[in-house]
Amino acid sequence: MGIVSKQTAESLQRTAAIYDRVKNVIPPMEWAAFADDVDAILRLKKTRNAVILAHNYMRPEIFHGVADICGDSLALAREAVDVKADVIVMAGVHFMAETAKLLNPTRTVLIPDTQAGCSLAESVTANDVRLLRQQYPGVPIVTYVNTSAAVKAESDICCTSGNAVKIVQSLGVDRVIMLPDEYLAQNVQNDLIALGSKIQIITYKGHCEVHERFSPNDITLFRQQNPGVVVLAHPECPPDVVAASDYAGSTKGMIDWVDAHKPARVVLLTECSMSDNVAASRPETNFVRPCQLCPHMKRITLANIRASLETLTHEVTIPDAITAQARRAVERMIAVR
Ligand code: 13P
Ligand code: SF4
């Protein structure tokens, strides 16, 4: 490593145990650039009595370096309920911070970059949901957590990619509206058919800009170029991609699959940081790394997490008029086991 300042040398020393966890995926030179921020964030968490919740798509220096609780959207929502700290920093996108605030209204919830959005959350408004209710009277509306609090408030219940089939089945009806992710809804419909269920899903037109880019052709190429590779896909991918994969599941589902099956070689059809985060502690598996970057998730950096804790910005607030109804939709989801 080149010459570093006295302060960075001290930060490197204090963060050495953390670096050990990510040394397979972050070169020493790069860690030297992160060490001061990691060290400062660890200190700030104590002085602010703060916890950092991080989605599986955060970069490894955040995921392994400073996060207290990591997981998929469902785990982050569940964990948010039990947080006792005064401050929650959401290392994820805006709808995740809103969900944490809904479940923990008395805590200060911060998002390090207010522009960290989501193409799915952008694709539907509260008014769109009201129009659907008029169009399909009496049909329950299941809303993906990747939506604004205002949209959740108009919904009957939320779901994530990790529990969508269970949530739809829990309603005990023969028709549901699922929004906004068209592909997730189609994949859930296919799962229900495979289970022998007659429930019909009315879909919407939203897509994840990251997962919609994968195609069955990509899978053919991965298999040709990497003989024996196992292909795991996220259910936000188009149904023909899911059909050509060996398994489809939420980000946690994919991690669990890798742990249960210990494949020699795997490709995760999802956001880029997933493979880095999972690979860091699973050197026995070779992760083939073609992936798609989520520009919204990548807005969250060590530097803006540090700034967020230093200045207690940007605080997430939800109008009183929608809080109770939106929380009800999320709590109904969490209650389904
Ligand atoms: P999960 O982590 O719930 O699978 O969600 C993936 C995603 O795209 C979140 O934005
Ligand atoms: Fe939204 Fe897709 Fe990015 Fe997740 S990966 S935040 S669903 S755009």
# chains A, B, ... in the order shown; residues from 1 in each chain; ligands from 1
$ residues_around --residues "Arg299 of chain A" --least-positions-apart "3" --cutoff "12 Å" --atoms "only C-alpha atoms" --output "PyMOL selection string"
chain A and resi 57-59+91-94+111-118+293-296+302-305
$ write_last_selection --atoms "N, CA, C and O atoms" --output "PDB file, in the first residue's frame"
ATOM      1  N   TYR A  57     -28.370  -4.842  -1.654  1.00  0.00           N
ATOM      2  CA  TYR A  57     -27.742  -4.221  -2.826  1.00  0.00           C
ATOM      3  C   TYR A  57     -26.741  -3.124  -2.462  1.00  0.00           C
ATOM      4  O   TYR A  57     -26.205  -2.459  -3.353  1.00  0.00           O
ATOM      5  N   MET A  58     -26.517  -2.897  -1.175  1.00  0.00           N
ATOM      6  CA  MET A  58     -25.493  -1.901  -0.809  1.00  0.00           C
ATOM      7  C   MET A  58     -24.111  -2.429  -1.154  1.00  0.00           C
ATOM      8  O   MET A  58     -23.870  -3.633  -1.131  1.00  0.00           O
ATOM      9  N   ARG A  59     -23.184  -1.493  -1.435  1.00  0.00           N
ATOM     10  CA  ARG A  59     -21.809  -1.913  -1.738  1.00  0.00           C
ATOM     11  C   ARG A  59     -21.213  -2.619  -0.510  1.00  0.00           C
ATOM     12  O   ARG A  59     -21.605  -2.329   0.631  1.00  0.00           O
ATOM     13  N   ALA A  91     -29.802   2.592   4.651  1.00  0.00           N
ATOM     14  CA  ALA A  91     -28.887   2.452   3.509  1.00  0.00           C
ATOM     15  C   ALA A  91     -29.639   1.597   2.486  1.00  0.00           C
ATOM     16  O   ALA A  91     -29.537   0.373   2.460  1.00  0.00           O
ATOM     17  N   GLY A  92     -30.440   2.279   1.717  1.00  0.00           N
ATOM     18  CA  GLY A  92     -31.324   1.639   0.744  1.00  0.00           C
ATOM     19  C   GLY A  92     -32.034   2.754   0.014  1.00  0.00           C
ATOM     20  O   GLY A  92     -31.556   3.896   0.008  1.00  0.00           O
ATOM     21  N   VAL A  93     -33.188   2.463  -0.565  1.00  0.00           N
ATOM     22  CA  VAL A  93     -33.878   3.507  -1.324  1.00  0.00           C
ATOM     23  C   VAL A  93     -35.052   4.077  -0.521  1.00  0.00           C
ATOM     24  O   VAL A  93     -35.389   3.583   0.562  1.00  0.00           O
ATOM     25  N   HIS A  94     -35.648   5.131  -1.079  1.00  0.00           N
ATOM     26  CA  HIS A  94     -36.579   5.946  -0.304  1.00  0.00           C
ATOM     27  C   HIS A  94     -37.768   5.169   0.243  1.00  0.00           C
ATOM     28  O   HIS A  94     -38.168   5.353   1.396  1.00  0.00           O
ATOM     29  N   ILE A 111     -32.463   9.215   5.433  1.00  0.00           N
ATOM     30  CA  ILE A 111     -32.020   8.631   4.164  1.00  0.00           C
ATOM     31  C   ILE A 111     -30.841   9.502   3.693  1.00  0.00           C
ATOM     32  O   ILE A 111     -30.959  10.723   3.619  1.00  0.00           O
ATOM     33  N   PRO A 112     -29.696   8.902   3.417  1.00  0.00           N
ATOM     34  CA  PRO A 112     -28.516   9.711   3.089  1.00  0.00           C
ATOM     35  C   PRO A 112     -28.633  10.489   1.773  1.00  0.00           C
ATOM     36  O   PRO A 112     -27.931  11.470   1.581  1.00  0.00           O
ATOM     37  N   ASP A 113     -29.506  10.060   0.861  1.00  0.00           N
ATOM     38  CA  ASP A 113     -29.694  10.795  -0.394  1.00  0.00           C
ATOM     39  C   ASP A 113     -31.172  10.722  -0.759  1.00  0.00           C
ATOM     40  O   ASP A 113     -31.694   9.637  -1.018  1.00  0.00           O
ATOM     41  N   THR A 114     -31.819  11.873  -0.799  1.00  0.00           N
ATOM     42  CA  THR A 114     -33.271  11.880  -1.048  1.00  0.00           C
ATOM     43  C   THR A 114     -33.615  11.463  -2.482  1.00  0.00           C
ATOM     44  O   THR A 114     -34.769  11.177  -2.775  1.00  0.00           O
ATOM     45  N   GLN A 115     -32.622  11.468  -3.365  1.00  0.00           N
ATOM     46  CA  GLN A 115     -32.876  11.089  -4.764  1.00  0.00           C
ATOM     47  C   GLN A 115     -32.814   9.575  -4.976  1.00  0.00           C
ATOM     48  O   GLN A 115     -32.948   9.091  -6.106  1.00  0.00           O
ATOM     49  N   ALA A 116     -32.561   8.810  -3.923  1.00  0.00           N
ATOM     50  CA  ALA A 116     -32.474   7.350  -4.067  1.00  0.00           C
ATOM     51  C   ALA A 116     -33.887   6.791  -4.226  1.00  0.00           C
ATOM     52  O   ALA A 116     -34.547   6.427  -3.266  1.00  0.00           O
ATOM     53  N   GLY A 117     -34.365   6.759  -5.460  1.00  0.00           N
ATOM     54  CA  GLY A 117     -35.748   6.362  -5.742  1.00  0.00           C
ATOM     55  C   GLY A 117     -35.839   4.932  -6.216  1.00  0.00           C
ATOM     56  O   GLY A 117     -35.049   4.066  -5.821  1.00  0.00           O
ATOM     57  N   CYS A 118     -36.815   4.653  -7.087  1.00  0.00           N
ATOM     58  CA  CYS A 118     -37.028   3.285  -7.582  1.00  0.00           C
ATOM     59  C   CYS A 118     -37.993   3.389  -8.759  1.00  0.00           C
ATOM     60  O   CYS A 118     -39.031   4.056  -8.640  1.00  0.00           O
ATOM     61  N   LEU A 293     -26.601  -2.718 -12.659  1.00  0.00           N
ATOM     62  CA  LEU A 293     -26.430  -1.767 -11.561  1.00  0.00           C
ATOM     63  C   LEU A 293     -27.728  -0.998 -11.308  1.00  0.00           C
ATOM     64  O   LEU A 293     -28.356  -0.547 -12.266  1.00  0.00           O
ATOM     65  N   CYS A 294     -28.126  -0.858 -10.060  1.00  0.00           N
ATOM     66  CA  CYS A 294     -29.277   0.009  -9.755  1.00  0.00           C
ATOM     67  C   CYS A 294     -28.736   1.403  -9.414  1.00  0.00           C
ATOM     68  O   CYS A 294     -28.096   1.582  -8.375  1.00  0.00           O
ATOM     69  N   PRO A 295     -29.002   2.390 -10.277  1.00  0.00           N
ATOM     70  CA  PRO A 295     -28.442   3.725 -10.030  1.00  0.00           C
ATOM     71  C   PRO A 295     -28.987   4.358  -8.754  1.00  0.00           C
ATOM     72  O   PRO A 295     -28.330   5.213  -8.154  1.00  0.00           O
ATOM     73  N   HIS A 296     -30.176   3.921  -8.335  1.00  0.00           N
ATOM     74  CA  HIS A 296     -30.782   4.508  -7.121  1.00  0.00           C
ATOM     75  C   HIS A 296     -30.078   3.980  -5.868  1.00  0.00           C
ATOM     76  O   HIS A 296     -29.720   4.734  -4.977  1.00  0.00           O
ATOM     77  N   LEU A 302     -20.591   5.614   1.544  1.00  0.00           N
ATOM     78  CA  LEU A 302     -20.081   5.839   2.907  1.00  0.00           C
ATOM     79  C   LEU A 302     -20.077   7.331   3.235  1.00  0.00           C
ATOM     80  O   LEU A 302     -20.438   7.731   4.342  1.00  0.00           O
ATOM     81  N   ALA A 303     -19.698   8.151   2.237  1.00  0.00           N
ATOM     82  CA  ALA A 303     -19.580   9.594   2.498  1.00  0.00           C
ATOM     83  C   ALA A 303     -20.937  10.186   2.868  1.00  0.00           C
ATOM     84  O   ALA A 303     -21.046  10.981   3.812  1.00  0.00           O
ATOM     85  N   ASN A 304     -22.011   9.793   2.136  1.00  0.00           N
ATOM     86  CA  ASN A 304     -23.290  10.434   2.513  1.00  0.00           C
ATOM     87  C   ASN A 304     -23.927   9.781   3.749  1.00  0.00           C
ATOM     88  O   ASN A 304     -24.716  10.425   4.441  1.00  0.00           O
ATOM     89  N   ILE A 305     -23.554   8.551   4.071  1.00  0.00           N
ATOM     90  CA  ILE A 305     -24.014   7.978   5.358  1.00  0.00           C
ATOM     91  C   ILE A 305     -23.355   8.758   6.501  1.00  0.00           C
ATOM     92  O   ILE A 305     -23.994   9.135   7.484  1.00  0.00           O
TER      93      ILE A 305
END
$ residues_around --residues "Arg282 of chain A" --least-positions-apart "6" --cutoff "10 Å" --atoms "only C-alpha atoms" --output "PyMOL selection string"
chain A and resi 24+258-259+262+276
$ residues_near_ligand --ligand "ligand 1" --cutoff "10 Å" --atoms "only C-alpha atoms and all ligand atoms" --output "number ranges by chain"
A: 55-57, 70-77, 92-96, 117-121, 144-146, 159-163, 208-211, 234-237, 249-254, 270-271, 274, 294, 296-297
$ closest_residue --among "A:Lys23, A:Arg306, A:His207, A:Arg265" --to "ligand 2" --atoms "only C-alpha atoms and all ligand atoms"
A:His207
$ select_by_dssp --residues "segment 72-155 of chain A" --states "helix (DSSP H, G or I)" --output "PyMOL selection string"
chain A and resi 73-81+94-103+119-122+126-135+149-153
$ closest_residue --among "A:Leu42, A:Met178, A:Ile141, A:Leu110" --to "Ala329 of chain A" --atoms "only C-alpha atoms"
A:Ile141
$ residues_around --residues "Thr317 of chain A" --least-positions-apart "4" --cutoff "10 Å" --atoms "only C-alpha atoms" --output "ChimeraX atom specification"
/A:97-98,101-102,105,108-110,323
$ closest_residue --among "A:Pro263, A:Pro239, A:Pro319, A:Gly206" --to "ligand 2" --atoms "only C-alpha atoms and all ligand atoms"
A:Gly206
$ residues_around --residues "Val266 of chain A" --least-positions-apart "5" --cutoff "9 Å" --atoms "only C-alpha atoms" --output "list in words"
Gly228, Val229, Val230, Val231, Leu232, Val258, Thr285, Asn286, Phe287, Val288 and Arg289 of chain A
$ select_by_dssp --residues "segment 85-207 of chain A" --states "strand (DSSP E)" --output "number ranges by chain"
A: 87-91, 108-110, 141-144, 157-159, 175-179, 200-202
$ write_last_selection --atoms "C-alpha atoms" --output "CSV table (one decimal), in the first residue's frame"
chain,number,residue,atom,x,y,z
A,87,VAL,CA,-32.0,7.2,14.9
A,88,ILE,CA,-32.4,4.8,12.0
A,89,VAL,CA,-30.3,5.4,8.9
A,90,MET,CA,-31.7,3.6,5.8
A,91,ALA,CA,-28.9,2.5,3.5
A,108,THR,CA,-35.8,9.7,13.5
A,109,VAL,CA,-35.4,7.9,10.2
A,110,LEU,CA,-32.7,9.3,7.8
A,141,ILE,CA,-55.2,-4.7,-3.9
A,142,VAL,CA,-51.9,-6.2,-3.0
A,143,THR,CA,-49.1,-3.6,-3.3
A,144,TYR,CA,-45.4,-4.4,-3.5
A,157,ILE,CA,-52.0,-5.2,2.1
A,158,CYS,CA,-48.4,-5.1,1.0
A,159,CYS,CA,-46.1,-7.8,-0.1
A,175,ARG,CA,-59.1,-12.5,-7.8
A,176,VAL,CA,-56.5,-9.9,-6.6
A,177,ILE,CA,-54.9,-6.9,-8.1
A,178,MET,CA,-51.1,-6.9,-7.7
A,179,LEU,CA,-49.2,-3.7,-8.4
A,200,GLN,CA,-56.3,-14.9,-10.8
A,201,ILE,CA,-54.0,-12.0,-10.6
A,202,ILE,CA,-54.8,-8.7,-12.3
$ decode --residues "segment 104-136 of chain A" --atoms "N, CA, C and O atoms" --output "PDB file, in the first residue's frame"
ATOM      1  N   ASN A 104     -41.980   2.672  12.709  1.00  0.00           N
ATOM      2  CA  ASN A 104     -41.253   3.197  13.854  1.00  0.00           C
ATOM      3  C   ASN A 104     -41.412   4.708  13.924  1.00  0.00           C
ATOM      4  O   ASN A 104     -40.431   5.453  13.861  1.00  0.00           O
ATOM      5  N   PRO A 105     -42.666   5.175  14.066  1.00  0.00           N
ATOM      6  CA  PRO A 105     -42.937   6.612  13.892  1.00  0.00           C
ATOM      7  C   PRO A 105     -42.242   7.517  14.898  1.00  0.00           C
ATOM      8  O   PRO A 105     -42.040   8.698  14.624  1.00  0.00           O
ATOM      9  N   THR A 106     -41.844   6.974  16.077  1.00  0.00           N
ATOM     10  CA  THR A 106     -41.245   7.859  17.080  1.00  0.00           C
ATOM     11  C   THR A 106     -39.744   8.040  16.873  1.00  0.00           C
ATOM     12  O   THR A 106     -39.120   8.875  17.506  1.00  0.00           O
ATOM     13  N   ARG A 107     -39.135   7.222  16.004  1.00  0.00           N
ATOM     14  CA  ARG A 107     -37.679   7.347  15.786  1.00  0.00           C
ATOM     15  C   ARG A 107     -37.406   8.345  14.652  1.00  0.00           C
ATOM     16  O   ARG A 107     -38.247   8.550  13.782  1.00  0.00           O
ATOM     17  N   THR A 108     -36.193   8.866  14.658  1.00  0.00           N
ATOM     18  CA  THR A 108     -35.753   9.690  13.535  1.00  0.00           C
ATOM     19  C   THR A 108     -35.229   8.747  12.465  1.00  0.00           C
ATOM     20  O   THR A 108     -34.306   7.970  12.720  1.00  0.00           O
ATOM     21  N   VAL A 109     -35.855   8.781  11.284  1.00  0.00           N
ATOM     22  CA  VAL A 109     -35.398   7.927  10.187  1.00  0.00           C
ATOM     23  C   VAL A 109     -34.734   8.822   9.138  1.00  0.00           C
ATOM     24  O   VAL A 109     -35.315   9.810   8.688  1.00  0.00           O
ATOM     25  N   LEU A 110     -33.504   8.463   8.781  1.00  0.00           N
ATOM     26  CA  LEU A 110     -32.733   9.281   7.836  1.00  0.00           C
ATOM     27  C   LEU A 110     -32.453   8.500   6.565  1.00  0.00           C
ATOM     28  O   LEU A 110     -32.216   7.293   6.604  1.00  0.00           O
ATOM     29  N   ILE A 111     -32.463   9.215   5.433  1.00  0.00           N
ATOM     30  CA  ILE A 111     -32.020   8.631   4.164  1.00  0.00           C
ATOM     31  C   ILE A 111     -30.841   9.502   3.693  1.00  0.00           C
ATOM     32  O   ILE A 111     -30.959  10.723   3.619  1.00  0.00           O
ATOM     33  N   PRO A 112     -29.696   8.902   3.417  1.00  0.00           N
ATOM     34  CA  PRO A 112     -28.516   9.711   3.089  1.00  0.00           C
ATOM     35  C   PRO A 112     -28.633  10.489   1.773  1.00  0.00           C
ATOM     36  O   PRO A 112     -27.931  11.470   1.581  1.00  0.00           O
ATOM     37  N   ASP A 113     -29.506  10.060   0.861  1.00  0.00           N
ATOM     38  CA  ASP A 113     -29.694  10.795  -0.394  1.00  0.00           C
ATOM     39  C   ASP A 113     -31.172  10.722  -0.759  1.00  0.00           C
ATOM     40  O   ASP A 113     -31.694   9.637  -1.018  1.00  0.00           O
ATOM     41  N   THR A 114     -31.819  11.873  -0.799  1.00  0.00           N
ATOM     42  CA  THR A 114     -33.271  11.880  -1.048  1.00  0.00           C
ATOM     43  C   THR A 114     -33.615  11.463  -2.482  1.00  0.00           C
ATOM     44  O   THR A 114     -34.769  11.177  -2.775  1.00  0.00           O
ATOM     45  N   GLN A 115     -32.622  11.468  -3.365  1.00  0.00           N
ATOM     46  CA  GLN A 115     -32.876  11.089  -4.764  1.00  0.00           C
ATOM     47  C   GLN A 115     -32.814   9.575  -4.976  1.00  0.00           C
ATOM     48  O   GLN A 115     -32.948   9.091  -6.106  1.00  0.00           O
ATOM     49  N   ALA A 116     -32.561   8.810  -3.923  1.00  0.00           N
ATOM     50  CA  ALA A 116     -32.474   7.350  -4.067  1.00  0.00           C
ATOM     51  C   ALA A 116     -33.887   6.791  -4.226  1.00  0.00           C
ATOM     52  O   ALA A 116     -34.547   6.427  -3.266  1.00  0.00           O
ATOM     53  N   GLY A 117     -34.365   6.759  -5.460  1.00  0.00           N
ATOM     54  CA  GLY A 117     -35.748   6.362  -5.742  1.00  0.00           C
ATOM     55  C   GLY A 117     -35.839   4.932  -6.216  1.00  0.00           C
ATOM     56  O   GLY A 117     -35.049   4.066  -5.821  1.00  0.00           O
ATOM     57  N   CYS A 118     -36.815   4.653  -7.087  1.00  0.00           N
ATOM     58  CA  CYS A 118     -37.028   3.285  -7.582  1.00  0.00           C
ATOM     59  C   CYS A 118     -37.993   3.389  -8.759  1.00  0.00           C
ATOM     60  O   CYS A 118     -39.031   4.056  -8.640  1.00  0.00           O
ATOM     61  N   SER A 119     -37.678   2.733  -9.874  1.00  0.00           N
ATOM     62  CA  SER A 119     -38.552   2.842 -11.056  1.00  0.00           C
ATOM     63  C   SER A 119     -39.932   2.247 -10.778  1.00  0.00           C
ATOM     64  O   SER A 119     -40.923   2.695 -11.351  1.00  0.00           O
ATOM     65  N   LEU A 120     -40.004   1.253  -9.902  1.00  0.00           N
ATOM     66  CA  LEU A 120     -41.317   0.670  -9.571  1.00  0.00           C
ATOM     67  C   LEU A 120     -42.142   1.670  -8.763  1.00  0.00           C
ATOM     68  O   LEU A 120     -43.312   1.908  -9.056  1.00  0.00           O
ATOM     69  N   ALA A 121     -41.517   2.259  -7.745  1.00  0.00           N
ATOM     70  CA  ALA A 121     -42.239   3.223  -6.907  1.00  0.00           C
ATOM     71  C   ALA A 121     -42.725   4.408  -7.740  1.00  0.00           C
ATOM     72  O   ALA A 121     -43.796   4.968  -7.490  1.00  0.00           O
ATOM     73  N   GLU A 122     -41.935   4.778  -8.764  1.00  0.00           N
ATOM     74  CA  GLU A 122     -42.294   5.902  -9.629  1.00  0.00           C
ATOM     75  C   GLU A 122     -43.460   5.578 -10.563  1.00  0.00           C
ATOM     76  O   GLU A 122     -44.071   6.464 -11.149  1.00  0.00           O
ATOM     77  N   SER A 123     -43.728   4.264 -10.762  1.00  0.00           N
ATOM     78  CA  SER A 123     -44.652   3.876 -11.838  1.00  0.00           C
ATOM     79  C   SER A 123     -46.125   3.932 -11.436  1.00  0.00           C
ATOM     80  O   SER A 123     -46.991   3.728 -12.269  1.00  0.00           O
ATOM     81  N   VAL A 124     -46.405   4.208 -10.167  1.00  0.00           N
ATOM     82  CA  VAL A 124     -47.817   4.212  -9.747  1.00  0.00           C
ATOM     83  C   VAL A 124     -48.060   5.296  -8.698  1.00  0.00           C
ATOM     84  O   VAL A 124     -47.226   5.524  -7.817  1.00  0.00           O
ATOM     85  N   THR A 125     -49.226   5.950  -8.821  1.00  0.00           N
ATOM     86  CA  THR A 125     -49.580   6.990  -7.851  1.00  0.00           C
ATOM     87  C   THR A 125     -50.810   6.537  -7.059  1.00  0.00           C
ATOM     88  O   THR A 125     -51.512   5.600  -7.460  1.00  0.00           O
ATOM     89  N   ALA A 126     -51.078   7.265  -5.974  1.00  0.00           N
ATOM     90  CA  ALA A 126     -52.259   6.953  -5.154  1.00  0.00           C
ATOM     91  C   ALA A 126     -53.522   7.054  -6.010  1.00  0.00           C
ATOM     92  O   ALA A 126     -54.449   6.250  -5.873  1.00  0.00           O
ATOM     93  N   ASN A 127     -53.550   8.025  -6.924  1.00  0.00           N
ATOM     94  CA  ASN A 127     -54.732   8.181  -7.773  1.00  0.00           C
ATOM     95  C   ASN A 127     -54.914   6.987  -8.711  1.00  0.00           C
ATOM     96  O   ASN A 127     -56.041   6.537  -8.944  1.00  0.00           O
ATOM     97  N   ASP A 128     -53.809   6.441  -9.214  1.00  0.00           N
ATOM     98  CA  ASP A 128     -53.903   5.224 -10.056  1.00  0.00           C
ATOM     99  C   ASP A 128     -54.584   4.100  -9.272  1.00  0.00           C
ATOM    100  O   ASP A 128     -55.387   3.347  -9.811  1.00  0.00           O
ATOM    101  N   VAL A 129     -54.239   3.977  -7.988  1.00  0.00           N
ATOM    102  CA  VAL A 129     -54.818   2.897  -7.170  1.00  0.00           C
ATOM    103  C   VAL A 129     -56.312   3.142  -6.969  1.00  0.00           C
ATOM    104  O   VAL A 129     -57.132   2.219  -7.068  1.00  0.00           O
ATOM    105  N   ARG A 130     -56.676   4.408  -6.733  1.00  0.00           N
ATOM    106  CA  ARG A 130     -58.106   4.727  -6.551  1.00  0.00           C
ATOM    107  C   ARG A 130     -58.887   4.385  -7.817  1.00  0.00           C
ATOM    108  O   ARG A 130     -59.988   3.836  -7.763  1.00  0.00           O
ATOM    109  N   LEU A 131     -58.294   4.669  -8.980  1.00  0.00           N
ATOM    110  CA  LEU A 131     -58.979   4.359 -10.252  1.00  0.00           C
ATOM    111  C   LEU A 131     -59.153   2.851 -10.422  1.00  0.00           C
ATOM    112  O   LEU A 131     -60.201   2.384 -10.886  1.00  0.00           O
ATOM    113  N   LEU A 132     -58.137   2.076 -10.026  1.00  0.00           N
ATOM    114  CA  LEU A 132     -58.243   0.612 -10.122  1.00  0.00           C
ATOM    115  C   LEU A 132     -59.370   0.079  -9.237  1.00  0.00           C
ATOM    116  O   LEU A 132     -60.087  -0.845  -9.597  1.00  0.00           O
ATOM    117  N   ARG A 133     -59.518   0.704  -8.053  1.00  0.00           N
ATOM    118  CA  ARG A 133     -60.604   0.275  -7.142  1.00  0.00           C
ATOM    119  C   ARG A 133     -61.970   0.493  -7.776  1.00  0.00           C
ATOM    120  O   ARG A 133     -62.875  -0.319  -7.639  1.00  0.00           O
ATOM    121  N   GLN A 134     -62.076   1.636  -8.494  1.00  0.00           N
ATOM    122  CA  GLN A 134     -63.360   1.903  -9.174  1.00  0.00           C
ATOM    123  C   GLN A 134     -63.594   0.896 -10.287  1.00  0.00           C
ATOM    124  O   GLN A 134     -64.699   0.421 -10.511  1.00  0.00           O
ATOM    125  N   GLN A 135     -62.494   0.561 -10.976  1.00  0.00           N
ATOM    126  CA  GLN A 135     -62.605  -0.351 -12.120  1.00  0.00           C
ATOM    127  C   GLN A 135     -62.914  -1.788 -11.678  1.00  0.00           C
ATOM    128  O   GLN A 135     -63.607  -2.514 -12.367  1.00  0.00           O
ATOM    129  N   TYR A 136     -62.370  -2.182 -10.528  1.00  0.00           N
ATOM    130  CA  TYR A 136     -62.551  -3.570 -10.033  1.00  0.00           C
ATOM    131  C   TYR A 136     -63.116  -3.544  -8.616  1.00  0.00           C
ATOM    132  O   TYR A 136     -62.417  -3.899  -7.654  1.00  0.00           O
TER     133      TYR A 136
END
